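Containing PDB, C-alpha atoms: coords.pdb.
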MODEL        1
ATOM      1  CA  MET Y   1     -16.176  -7.676  -5.932
ATOM      2  CA  PRO Y   2     -16.289 -11.485  -6.313
ATOM      3  CA  LEU Y   3     -12.996 -13.267  -5.935
ATOM      4  CA  ALA Y   4     -11.459 -16.225  -7.741
ATOM      5  CA  ALA Y   5     -13.682 -19.078  -6.574
ATOM      6  CA  ALA Y   6     -16.894 -17.845  -8.186
ATOM      7  CA  THR Y   7     -17.427 -21.041 -10.227
ATOM      8  CA  LEU Y   8     -17.173 -23.418  -7.238
ATOM      9  CA  PRO Y   9     -20.437 -25.162  -6.328
ATOM     10  CA  ALA Y  10     -21.939 -24.806  -2.865
ATOM     11  CA  SER Y  11     -21.942 -28.584  -2.384
ATOM     12  CA  LEU Y  12     -21.180 -31.939  -3.982
ATOM     13  CA  SER Y  13     -22.179 -35.548  -3.412
ATOM     14  CA  GLN Y  14     -19.990 -38.233  -1.905
ATOM     15  CA  GLY Y  15     -18.106 -39.712  -4.877
ATOM     16  CA  GLY Y  16     -18.567 -36.505  -6.868
ATOM     17  CA  LEU Y  17     -16.111 -34.555  -9.015
ATOM     18  CA  VAL Y  18     -15.761 -30.780  -9.187
ATOM     19  CA  THR Y  19     -14.314 -29.024 -12.229
ATOM     20  CA  ALA Y  20     -13.999 -25.297 -11.736
ATOM     21  CA  THR Y  21     -12.342 -22.254 -13.243
ATOM     22  CA  VAL Y  22     -10.532 -19.616 -11.200
ATOM     23  CA  ALA Y  23      -8.479 -16.586 -12.180
ATOM     24  CA  ALA Y  24      -5.497 -17.552 -14.337
ATOM     25  CA  GLY Y  25      -2.302 -17.502 -12.333
ATOM     26  CA  SER Y  26      -4.043 -18.352  -9.062
ATOM     27  CA  SER Y  27      -2.924 -21.039  -6.633
ATOM     28  CA  ALA Y  28      -5.267 -23.362  -4.769
ATOM     29  CA  THR Y  29      -5.442 -25.778  -1.863
ATOM     30  CA  VAL Y  30      -8.119 -28.388  -1.138
ATOM     31  CA  ASN Y  31      -8.319 -29.415   2.518
ATOM     32  CA  GLY Y  32      -4.850 -27.969   2.964
ATOM     33  CA  LYS Y  33      -3.278 -29.810   0.007
ATOM     34  CA  SER Y  34      -1.926 -27.824  -2.942
ATOM     35  CA  VAL Y  35      -3.625 -28.718  -6.216
ATOM     36  CA  ARG Y  36      -2.797 -27.938  -9.802
ATOM     37  CA  VAL Y  37      -4.322 -24.863 -11.428
ATOM     38  CA  GLY Y  38      -4.049 -24.826 -15.229
ATOM     39  CA  THR Y  39      -2.786 -21.883 -17.218
ATOM     40  CA  ASP Y  40      -6.438 -21.331 -18.131
ATOM     41  CA  GLY Y  41      -7.490 -21.360 -14.447
ATOM     42  CA  MET Y  42      -8.897 -24.904 -14.515
ATOM     43  CA  LEU Y  43      -8.825 -27.000 -11.352
ATOM     44  CA  VAL Y  44     -10.402 -30.322 -10.332
ATOM     45  CA  PHE Y  45     -10.958 -32.239  -7.113
ATOM     46  CA  GLY Y  46     -13.332 -34.844  -5.739
ATOM     47  CA  ALA Y  47     -15.080 -36.168  -2.644
ATOM     48  CA  GLY Y  48     -14.529 -39.782  -1.665
ATOM     49  CA  ARG Y  49     -17.228 -42.305  -0.756
ATOM     50  CA  ASP Y  50     -16.949 -41.629   2.967
ATOM     51  CA  GLU Y  51     -16.119 -37.910   2.838
ATOM     52  CA  LYS Y  52     -18.096 -36.029   5.485
ATOM     53  CA  GLY Y  53     -17.068 -32.497   4.558
ATOM     54  CA  PRO Y  54     -16.966 -29.661   4.457
ATOM     55  CA  ILE Y  55     -14.261 -29.554   1.785
ATOM     56  CA  VAL Y  56     -12.247 -26.392   2.316
ATOM     57  CA  VAL Y  57     -10.951 -24.738  -0.848
ATOM     58  CA  VAL Y  58      -8.597 -21.770  -0.607
ATOM     59  CA  ILE Y  59      -7.870 -19.752  -3.751
ATOM     60  CA  THR Y  60      -5.069 -17.181  -3.825
ATOM     61  CA  THR Y  61      -5.066 -14.820  -6.812
ATOM     62  CA  PRO Y  62      -1.871 -13.485  -8.424
ATOM     63  CA  ASP Y  63      -2.320 -10.181  -6.551
ATOM     64  CA  GLY Y  64      -2.473 -11.977  -3.200
ATOM     65  CA  ARG Y  65      -6.213 -11.927  -2.529
ATOM     66  CA  ARG Y  66      -7.520 -15.045  -0.781
ATOM     67  CA  GLU Y  67     -10.941 -16.627  -0.834
ATOM     68  CA  THR Y  68     -11.961 -19.571   1.327
ATOM     69  CA  SER Y  69     -14.944 -21.714   0.325
ATOM     70  CA  ARG Y  70     -16.438 -24.521   2.409
ATOM     71  CA  LEU Y  71     -18.293 -27.019   0.230
ATOM     72  CA  ALA Y  72     -20.900 -29.169   1.931
ATOM     73  CA  VAL Y  73     -20.774 -32.886   1.065
ATOM     74  CA  THR Y  74     -24.133 -34.593   0.516
ATOM     75  CA  PRO Y  75     -24.228 -38.078   2.109
ATOM     76  CA  ARG Y  76     -25.467 -41.109   0.177
ATOM     77  CA  ALA Y  77     -26.962 -44.420   1.293
ATOM     78  CA  TRP Y  78     -24.660 -47.276   0.256
ATOM     79  CA  PRO Y  79     -26.104 -50.763  -0.322
ATOM     80  CA  VAL Y  80     -24.625 -53.584   1.771
ATOM     81  CA  GLU Y  81     -24.906 -57.269   0.798
ATOM     82  CA  ARG Y  82     -24.171 -60.080   3.232
ATOM     83  CA  VAL Y  83     -22.860 -63.294   1.672
ATOM     84  CA  ASN Y  84     -22.214 -66.391   3.776
ATOM     85  CA  GLY Y  85     -20.624 -69.721   2.876
ATOM     86  CA  VAL Y  86     -17.797 -68.164   0.853
ATOM     87  CA  PRO Y  87     -14.590 -70.305   0.770
ATOM     88  CA  ALA Y  88     -12.098 -69.053   3.368
ATOM     89  CA  LYS Y  89      -9.302 -68.625   0.804
ATOM     90  CA  THR Y  90     -11.519 -66.224  -1.141
ATOM     91  CA  VAL Y  91     -12.128 -64.042   1.896
ATOM     92  CA  ASN Y  92      -8.533 -64.215   3.162
ATOM     93  CA  PRO Y  93      -6.064 -65.361   0.464
ATOM     94  CA  PRO Y  94      -3.004 -67.408   1.477
ATOM     95  CA  PRO Y  95       0.177 -65.416   2.241
ATOM     96  CA  ASP Y  96       1.836 -65.880  -1.171
ATOM     97  CA  ILE Y  97      -1.284 -64.714  -3.013
ATOM     98  CA  ALA Y  98      -1.806 -61.854  -0.549
ATOM     99  CA  ALA Y  99       1.774 -60.691  -1.174
ATOM    100  CA  ARG Y 100       1.236 -60.762  -4.934
ATOM    101  CA  ILE Y 101      -1.996 -58.783  -4.622
ATOM    102  CA  GLN Y 102      -0.286 -56.191  -2.418
ATOM    103  CA  ARG Y 103       2.600 -55.835  -4.865
ATOM    104  CA  GLU Y 104       0.320 -55.424  -7.873
ATOM    105  CA  GLN Y 105      -1.946 -52.924  -6.109
ATOM    106  CA  ALA Y 106       1.116 -50.877  -5.147
ATOM    107  CA  GLU Y 107       2.099 -50.663  -8.836
ATOM    108  CA  VAL Y 108      -1.360 -49.388  -9.737
ATOM    109  CA  ALA Y 109      -1.350 -46.907  -6.846
ATOM    110  CA  ALA Y 110       2.000 -45.529  -8.033
ATOM    111  CA  ALA Y 111       0.561 -44.876 -11.502
ATOM    112  CA  ARG Y 112      -2.238 -42.818  -9.909
ATOM    113  CA  LYS Y 113       0.237 -40.342  -8.416
ATOM    114  CA  ARG Y 114       0.847 -38.764 -11.813
ATOM    115  CA  ASP Y 115      -0.046 -35.060 -11.967
ATOM    116  CA  ASP Y 116       0.472 -33.368 -15.310
ATOM    117  CA  ASP Y 117      -1.093 -30.420 -17.088
ATOM    118  CA  ARG Y 118      -3.095 -32.290 -19.752
ATOM    119  CA  GLU Y 119      -6.821 -31.483 -19.673
ATOM    120  CA  GLY Y 120      -8.243 -34.617 -21.225
ATOM    121  CA  PHE Y 121     -11.229 -34.344 -18.882
ATOM    122  CA  ALA Y 122     -12.191 -30.841 -20.025
ATOM    123  CA  HIS Y 123     -14.731 -31.923 -22.665
ATOM    124  CA  GLY Y 124     -16.527 -34.419 -20.437
ATOM    125  CA  PHE Y 125     -16.733 -38.207 -20.582
ATOM    126  CA  ILE Y 126     -18.469 -40.857 -22.675
ATOM    127  CA  TRP Y 127     -19.516 -44.393 -21.752
ATOM    128  CA  PRO Y 128     -16.733 -46.914 -22.501
ATOM    129  CA  VAL Y 129     -19.264 -49.629 -23.451
ATOM    130  CA  THR Y 130     -23.025 -50.104 -23.868
ATOM    131  CA  GLY Y 131     -24.592 -52.515 -21.399
ATOM    132  CA  ARG Y 132     -26.417 -53.132 -18.151
ATOM    133  CA  ILE Y 133     -24.937 -51.649 -14.994
ATOM    134  CA  SER Y 134     -24.317 -54.753 -12.876
ATOM    135  CA  GLY Y 135     -22.325 -53.188 -10.046
ATOM    136  CA  ARG Y 136     -22.396 -49.686  -8.615
ATOM    137  CA  PHE Y 137     -19.786 -47.534  -6.961
ATOM    138  CA  GLY Y 138     -19.762 -47.632  -3.174
ATOM    139  CA  SER Y 139     -21.701 -50.855  -2.618
ATOM    140  CA  GLN Y 140     -20.178 -53.251  -0.099
ATOM    141  CA  ARG Y 141     -20.215 -56.989   0.522
ATOM    142  CA  ILE Y 142     -19.732 -58.740   3.835
ATOM    143  CA  PHE Y 143     -18.330 -62.245   3.275
ATOM    144  CA  ASN Y 144     -18.842 -64.668   6.161
ATOM    145  CA  GLY Y 145     -19.171 -61.682   8.495
ATOM    146  CA  THR Y 146     -15.968 -60.003   7.214
ATOM    147  CA  PRO Y 147     -16.566 -56.577   5.624
ATOM    148  CA  LYS Y 148     -14.710 -56.164   2.321
ATOM    149  CA  SER Y 149     -13.638 -52.909   0.725
ATOM    150  CA  PRO Y 150     -16.478 -50.948  -0.911
ATOM    151  CA  HIS Y 151     -16.805 -51.380  -4.656
ATOM    152  CA  PRO Y 152     -14.407 -48.796  -6.118
ATOM    153  CA  GLY Y 153     -16.058 -48.319  -9.517
ATOM    154  CA  MET Y 154     -18.896 -49.319 -11.795
ATOM    155  CA  ASP Y 155     -19.448 -52.680 -13.514
ATOM    156  CA  ILE Y 156     -21.111 -52.828 -16.927
ATOM    157  CA  ALA Y 157     -22.194 -56.294 -18.101
ATOM    158  CA  VAL Y 158     -21.298 -56.879 -21.766
ATOM    159  CA  PRO Y 159     -20.373 -59.921 -23.879
ATOM    160  CA  GLN Y 160     -16.825 -61.220 -23.913
ATOM    161  CA  GLY Y 161     -14.753 -59.352 -26.489
ATOM    162  CA  THR Y 162     -16.856 -56.164 -26.543
ATOM    163  CA  PRO Y 163     -14.599 -53.236 -27.586
ATOM    164  CA  VAL Y 164     -13.843 -50.865 -24.695
ATOM    165  CA  LYS Y 165     -13.413 -47.186 -25.573
ATOM    166  CA  ALA Y 166     -11.481 -44.438 -23.823
ATOM    167  CA  PRO Y 167     -14.025 -42.247 -21.999
ATOM    168  CA  ALA Y 168     -11.857 -39.140 -22.410
ATOM    169  CA  ASP Y 169      -8.493 -38.106 -23.823
ATOM    170  CA  GLY Y 170      -5.410 -39.159 -21.878
ATOM    171  CA  ILE Y 171      -2.201 -41.122 -21.695
ATOM    172  CA  VAL Y 172      -1.836 -44.789 -20.720
ATOM    173  CA  THR Y 173       0.080 -45.077 -17.448
ATOM    174  CA  PHE Y 174      -0.439 -48.781 -16.691
ATOM    175  CA  ALA Y 175      -1.219 -51.778 -18.904
ATOM    176  CA  LYS Y 176      -0.795 -55.397 -17.801
ATOM    177  CA  PRO Y 177      -2.812 -58.449 -18.880
ATOM    178  CA  ASP Y 178      -2.626 -60.737 -15.848
ATOM    179  CA  LEU Y 179      -3.048 -59.139 -12.425
ATOM    180  CA  TYR Y 180      -4.362 -61.618  -9.864
ATOM    181  CA  LEU Y 181      -7.521 -59.777  -8.826
ATOM    182  CA  THR Y 182      -8.185 -57.539 -11.823
ATOM    183  CA  GLY Y 183      -6.762 -59.517 -14.757
ATOM    184  CA  GLY Y 184      -6.226 -57.342 -17.823
ATOM    185  CA  THR Y 185      -5.820 -53.865 -16.362
ATOM    186  CA  VAL Y 186      -5.414 -50.467 -18.049
ATOM    187  CA  LEU Y 187      -5.075 -47.016 -16.482
ATOM    188  CA  ILE Y 188      -5.561 -43.809 -18.461
ATOM    189  CA  ASP Y 189      -4.414 -40.518 -16.968
ATOM    190  CA  HIS Y 190      -6.686 -37.627 -17.969
ATOM    191  CA  GLY Y 191      -4.591 -34.942 -16.264
ATOM    192  CA  PHE Y 192      -4.613 -33.053 -12.949
ATOM    193  CA  GLY Y 193      -4.552 -36.365 -11.047
ATOM    194  CA  LEU Y 194      -7.754 -37.647 -12.652
ATOM    195  CA  SER Y 195      -7.489 -41.196 -14.028
ATOM    196  CA  SER Y 196      -9.694 -44.029 -15.303
ATOM    197  CA  ASN Y 197      -9.043 -47.709 -14.688
ATOM    198  CA  PHE Y 198     -10.447 -50.643 -16.658
ATOM    199  CA  LEU Y 199     -10.314 -54.132 -15.185
ATOM    200  CA  HIS Y 200     -10.900 -57.770 -16.247
ATOM    201  CA  LEU Y 201     -10.071 -57.020 -19.908
ATOM    202  CA  SER Y 202      -9.631 -60.008 -22.214
ATOM    203  CA  ARG Y 203      -7.393 -58.036 -24.579
ATOM    204  CA  LEU Y 204      -5.234 -54.925 -24.267
ATOM    205  CA  ASP Y 205      -4.834 -52.743 -27.351
ATOM    206  CA  VAL Y 206      -2.667 -50.040 -25.773
ATOM    207  CA  LYS Y 207       0.695 -49.770 -24.035
ATOM    208  CA  VAL Y 208       2.214 -47.524 -21.391
ATOM    209  CA  GLY Y 209       3.040 -44.073 -22.733
ATOM    210  CA  GLN Y 210       0.493 -44.208 -25.550
ATOM    211  CA  VAL Y 211      -1.713 -41.148 -26.012
ATOM    212  CA  VAL Y 212      -5.362 -42.055 -26.518
ATOM    213  CA  HIS Y 213      -8.343 -40.000 -27.603
ATOM    214  CA  GLN Y 214     -11.943 -40.122 -26.474
ATOM    215  CA  GLY Y 215     -13.729 -43.001 -28.225
ATOM    216  CA  GLU Y 216     -10.538 -44.860 -29.188
ATOM    217  CA  VAL Y 217     -10.634 -48.617 -28.515
ATOM    218  CA  ILE Y 218      -8.225 -49.530 -25.706
ATOM    219  CA  GLY Y 219      -9.053 -53.225 -25.329
ATOM    220  CA  ALA Y 220     -11.837 -55.795 -25.056
ATOM    221  CA  ALA Y 221     -14.164 -56.769 -22.228
ATOM    222  CA  GLY Y 222     -13.649 -60.078 -20.470
ATOM    223  CA  MET Y 223     -13.615 -61.839 -17.143
ATOM    224  CA  THR Y 224      -9.906 -62.165 -16.394
ATOM    225  CA  GLY Y 225      -8.660 -62.072 -12.803
ATOM    226  CA  ARG Y 226     -11.323 -62.653 -10.190
ATOM    227  CA  ALA Y 227     -14.598 -62.134 -12.060
ATOM    228  CA  THR Y 228     -17.762 -64.236 -12.205
ATOM    229  CA  GLY Y 229     -18.889 -63.121 -15.657
ATOM    230  CA  PRO Y 230     -17.877 -60.910 -18.588
ATOM    231  CA  HIS Y 231     -18.089 -57.216 -17.812
ATOM    232  CA  VAL Y 232     -16.129 -53.982 -17.783
ATOM    233  CA  HIS Y 233     -15.166 -52.481 -14.460
ATOM    234  CA  TRP Y 234     -14.667 -48.737 -14.885
ATOM    235  CA  GLY Y 235     -13.165 -46.839 -11.975
ATOM    236  CA  ILE Y 236     -12.307 -43.159 -11.738
ATOM    237  CA  ASN Y 237      -9.805 -41.649  -9.316
ATOM    238  CA  TRP Y 238      -8.618 -38.218  -8.282
ATOM    239  CA  PHE Y 239      -5.185 -39.352  -7.097
ATOM    240  CA  GLU Y 240      -6.016 -41.844  -4.301
ATOM    241  CA  VAL Y 241      -9.624 -40.631  -3.942
ATOM    242  CA  ARG Y 242     -12.093 -42.979  -5.633
ATOM    243  CA  LEU Y 243     -15.019 -41.305  -7.399
ATOM    244  CA  ASP Y 244     -18.330 -42.426  -8.899
ATOM    245  CA  PRO Y 245     -18.253 -42.608 -12.717
ATOM    246  CA  LEU Y 246     -22.031 -42.049 -12.744
ATOM    247  CA  LEU Y 247     -21.461 -38.498 -11.497
ATOM    248  CA  LEU Y 248     -18.960 -37.478 -14.182
ATOM    249  CA  PRO Y 249     -19.764 -34.649 -16.616
ATOM    250  CA  GLY Y 250     -21.232 -36.196 -19.753
ATOM    251  CA  ILE Y 251     -22.226 -39.377 -17.872
ATOM    252  CA  ALA Y 252     -24.499 -38.051 -15.124
ATOM    253  CA  GLY Y 253     -28.151 -38.615 -15.942
ATOM    254  CA  THR Y 254     -27.481 -40.783 -19.024
ATOM    255  CA  ALA Y 255     -27.677 -44.512 -19.696
ATOM    256  CA  PRO Y 256     -24.713 -46.559 -20.977
ATOM    257  CA  HIS Y 257     -24.681 -45.921 -24.719
TER     258      HIS Y 257
ENDMDL
END

How would this structure read if it were set down as C-alpha cells?
Amino acid sequence: MPLAAATLPASLSQGGLVTATVAAGSSATVNGKSVRVGTDGMLVFGAGRDEKGPIVVVITTPDGRRETSRLAVTPRAWPVERVNGVPAKTVNPPPDIAARIQREQAEVAAARKRDDDREGFAHGFIWPVTGRISGRFGSQRIFNGTPKSPHPGMDIAVPQGTPVKAPADGIVTFAKPDLYLTGGTVLIDHGFGLSSNFLHLSRLDVKVGQVVHQGEVIGAAGMTGRATGPHVHWGINWFEVRLDPLLLPGIAGTAPH
C-alpha cells in the first residue's frame, strides 16, 4: 500500500520548487528540518542553486507510518561573466556603505523567516511584467578577478514606470523605497516560507501587512539602488533558499506576458 509521499517527484532541478500533497495530518522533514504541512496535506520545499542532493524527505502519517524519499537533484550549467576595470569601490564598498548594506540585507532576511499557513502559491504564478529577460537566476559575474554572489533572481527589462503585478496571492512583509543596493524593495509572503521579492522599484503601492491578490499592482518598475537600466528584478525564496522563478508552476515554459 503506498504511503504518504506518493505525489513527490523522483527528482528536481537546482533552483526548482516542489509542491506536493501528503495525507492530511502528516508531519514532514526535508533534509532533517521540520516543514509545514497544511491541513489539506500541502507541503512545499526547494533546491538551491548549488544543491547537490539527494534531498531527503521523511513523511510521518497520523498513524505513525513513515516513508523516506530521496529526490535526485539535476545539476545545471551556470553562466559566468568576467568583467575587468570595475571601480574598486563598486567591488568592495567602503566600510560605512558596507555596514549599511549588511544592515538592510539583515532586515530583508528577517522578513523571509515568516512561516504561516496561507497557500497563496497553490494556484500557480503569473509574470509580474511583460518584457525581455535581461538577467537569469544563477548567473555569476567576476569583477576584477573577485567572484560576486550568483544572481539571486530574474531581471525583466521594461520601461520606467511599468506597473508591477503580484505573481500570486500573499501578504506584504517588507516595503522600503531606498535600500542602497536594491532601491525600492517589496517582499510578498505567499505562505509556507515561500516569498517573492521585487527590487529597483520606482514606486511602491503597498505597505507592510497589506494582503495582495494575484495580478494586483504593487508598484512600478525603475532603476533605483544599484541598477544600470530600468527593469524588474523578481526573486523567489523558500526561506533562505533562493529559487529560479522560471521553474515556478504557471511560469515554467512560458514567456513573460

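For Ala106 in chain Y, the residues within 12 Å (counting all atoms listed in the file, excluding itself and residues fewer than 5 positions away along the chain) are Ala99, Arg100, Ile101, Ala111, Arg112, Lys113, Phe174, Leu179 and Glu240 of chain Y.
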
Please, could you write that set of residues out with C-alpha atoms as a CSV table (one decimal), keeping the file's coordinate frame?
chain,number,residue,atom,x,y,z
Y,99,ALA,CA,1.8,-60.7,-1.2
Y,100,ARG,CA,1.2,-60.8,-4.9
Y,101,ILE,CA,-2.0,-58.8,-4.6
Y,111,ALA,CA,0.6,-44.9,-11.5
Y,112,ARG,CA,-2.2,-42.8,-9.9
Y,113,LYS,CA,0.2,-40.3,-8.4
Y,174,PHE,CA,-0.4,-48.8,-16.7
Y,179,LEU,CA,-3.0,-59.1,-12.4
Y,240,GLU,CA,-6.0,-41.8,-4.3

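The closest residue to Thr29 in chain Y, picked from Y:Asp50, Y:Glu107, Y:Glu67, Y:Glu81 and counting all atoms listed in the file, is Y:Glu67.
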
When the PyMOL selection byres ((chain Y and resi 147) around 12) is applied to the file above, which residues end up in the set, as a PDB file with C-alpha atoms, keeping the file's coordinate frame?
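Final output, saved to expr-v2.pdb:
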ATOM      1  CA  VAL Y  80     -24.625 -53.584   1.771  1.00  0.00           C
ATOM      2  CA  GLU Y  81     -24.906 -57.269   0.798  1.00  0.00           C
ATOM      3  CA  ARG Y  82     -24.171 -60.080   3.232  1.00  0.00           C
ATOM      4  CA  VAL Y  83     -22.860 -63.294   1.672  1.00  0.00           C
ATOM      5  CA  ASN Y  84     -22.214 -66.391   3.776  1.00  0.00           C
ATOM      6  CA  VAL Y  91     -12.128 -64.042   1.896  1.00  0.00           C
ATOM      7  CA  ASN Y  92      -8.533 -64.215   3.162  1.00  0.00           C
ATOM      8  CA  SER Y 139     -21.701 -50.855  -2.618  1.00  0.00           C
ATOM      9  CA  GLN Y 140     -20.178 -53.251  -0.099  1.00  0.00           C
ATOM     10  CA  ARG Y 141     -20.215 -56.989   0.522  1.00  0.00           C
ATOM     11  CA  ILE Y 142     -19.732 -58.740   3.835  1.00  0.00           C
ATOM     12  CA  PHE Y 143     -18.330 -62.245   3.275  1.00  0.00           C
ATOM     13  CA  ASN Y 144     -18.842 -64.668   6.161  1.00  0.00           C
ATOM     14  CA  GLY Y 145     -19.171 -61.682   8.495  1.00  0.00           C
ATOM     15  CA  THR Y 146     -15.968 -60.003   7.214  1.00  0.00           C
ATOM     16  CA  LYS Y 148     -14.710 -56.164   2.321  1.00  0.00           C
ATOM     17  CA  SER Y 149     -13.638 -52.909   0.725  1.00  0.00           C
ATOM     18  CA  PRO Y 150     -16.478 -50.948  -0.911  1.00  0.00           C
ATOM     19  CA  HIS Y 151     -16.805 -51.380  -4.656  1.00  0.00           C
TER      20      HIS Y 151
END

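With distances restricted to only C-alpha atoms, Y:Val57 is the closest residue to Asn31 in chain Y from Y:Val57, Y:Ala109, Y:Leu71, Y:Val232.
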
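Across the model, the gap from CA of Ala252 in chain Y to CA of Leu204 in chain Y is 27.2 Å.
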
**OP:** Could you tell me which of Y:Val58, Y:Ile171, Y:Ala23, Y:Leu12 comes closest to Ser195 in chain Y if we count all atoms listed in the file?
**Re:** Y:Ile171
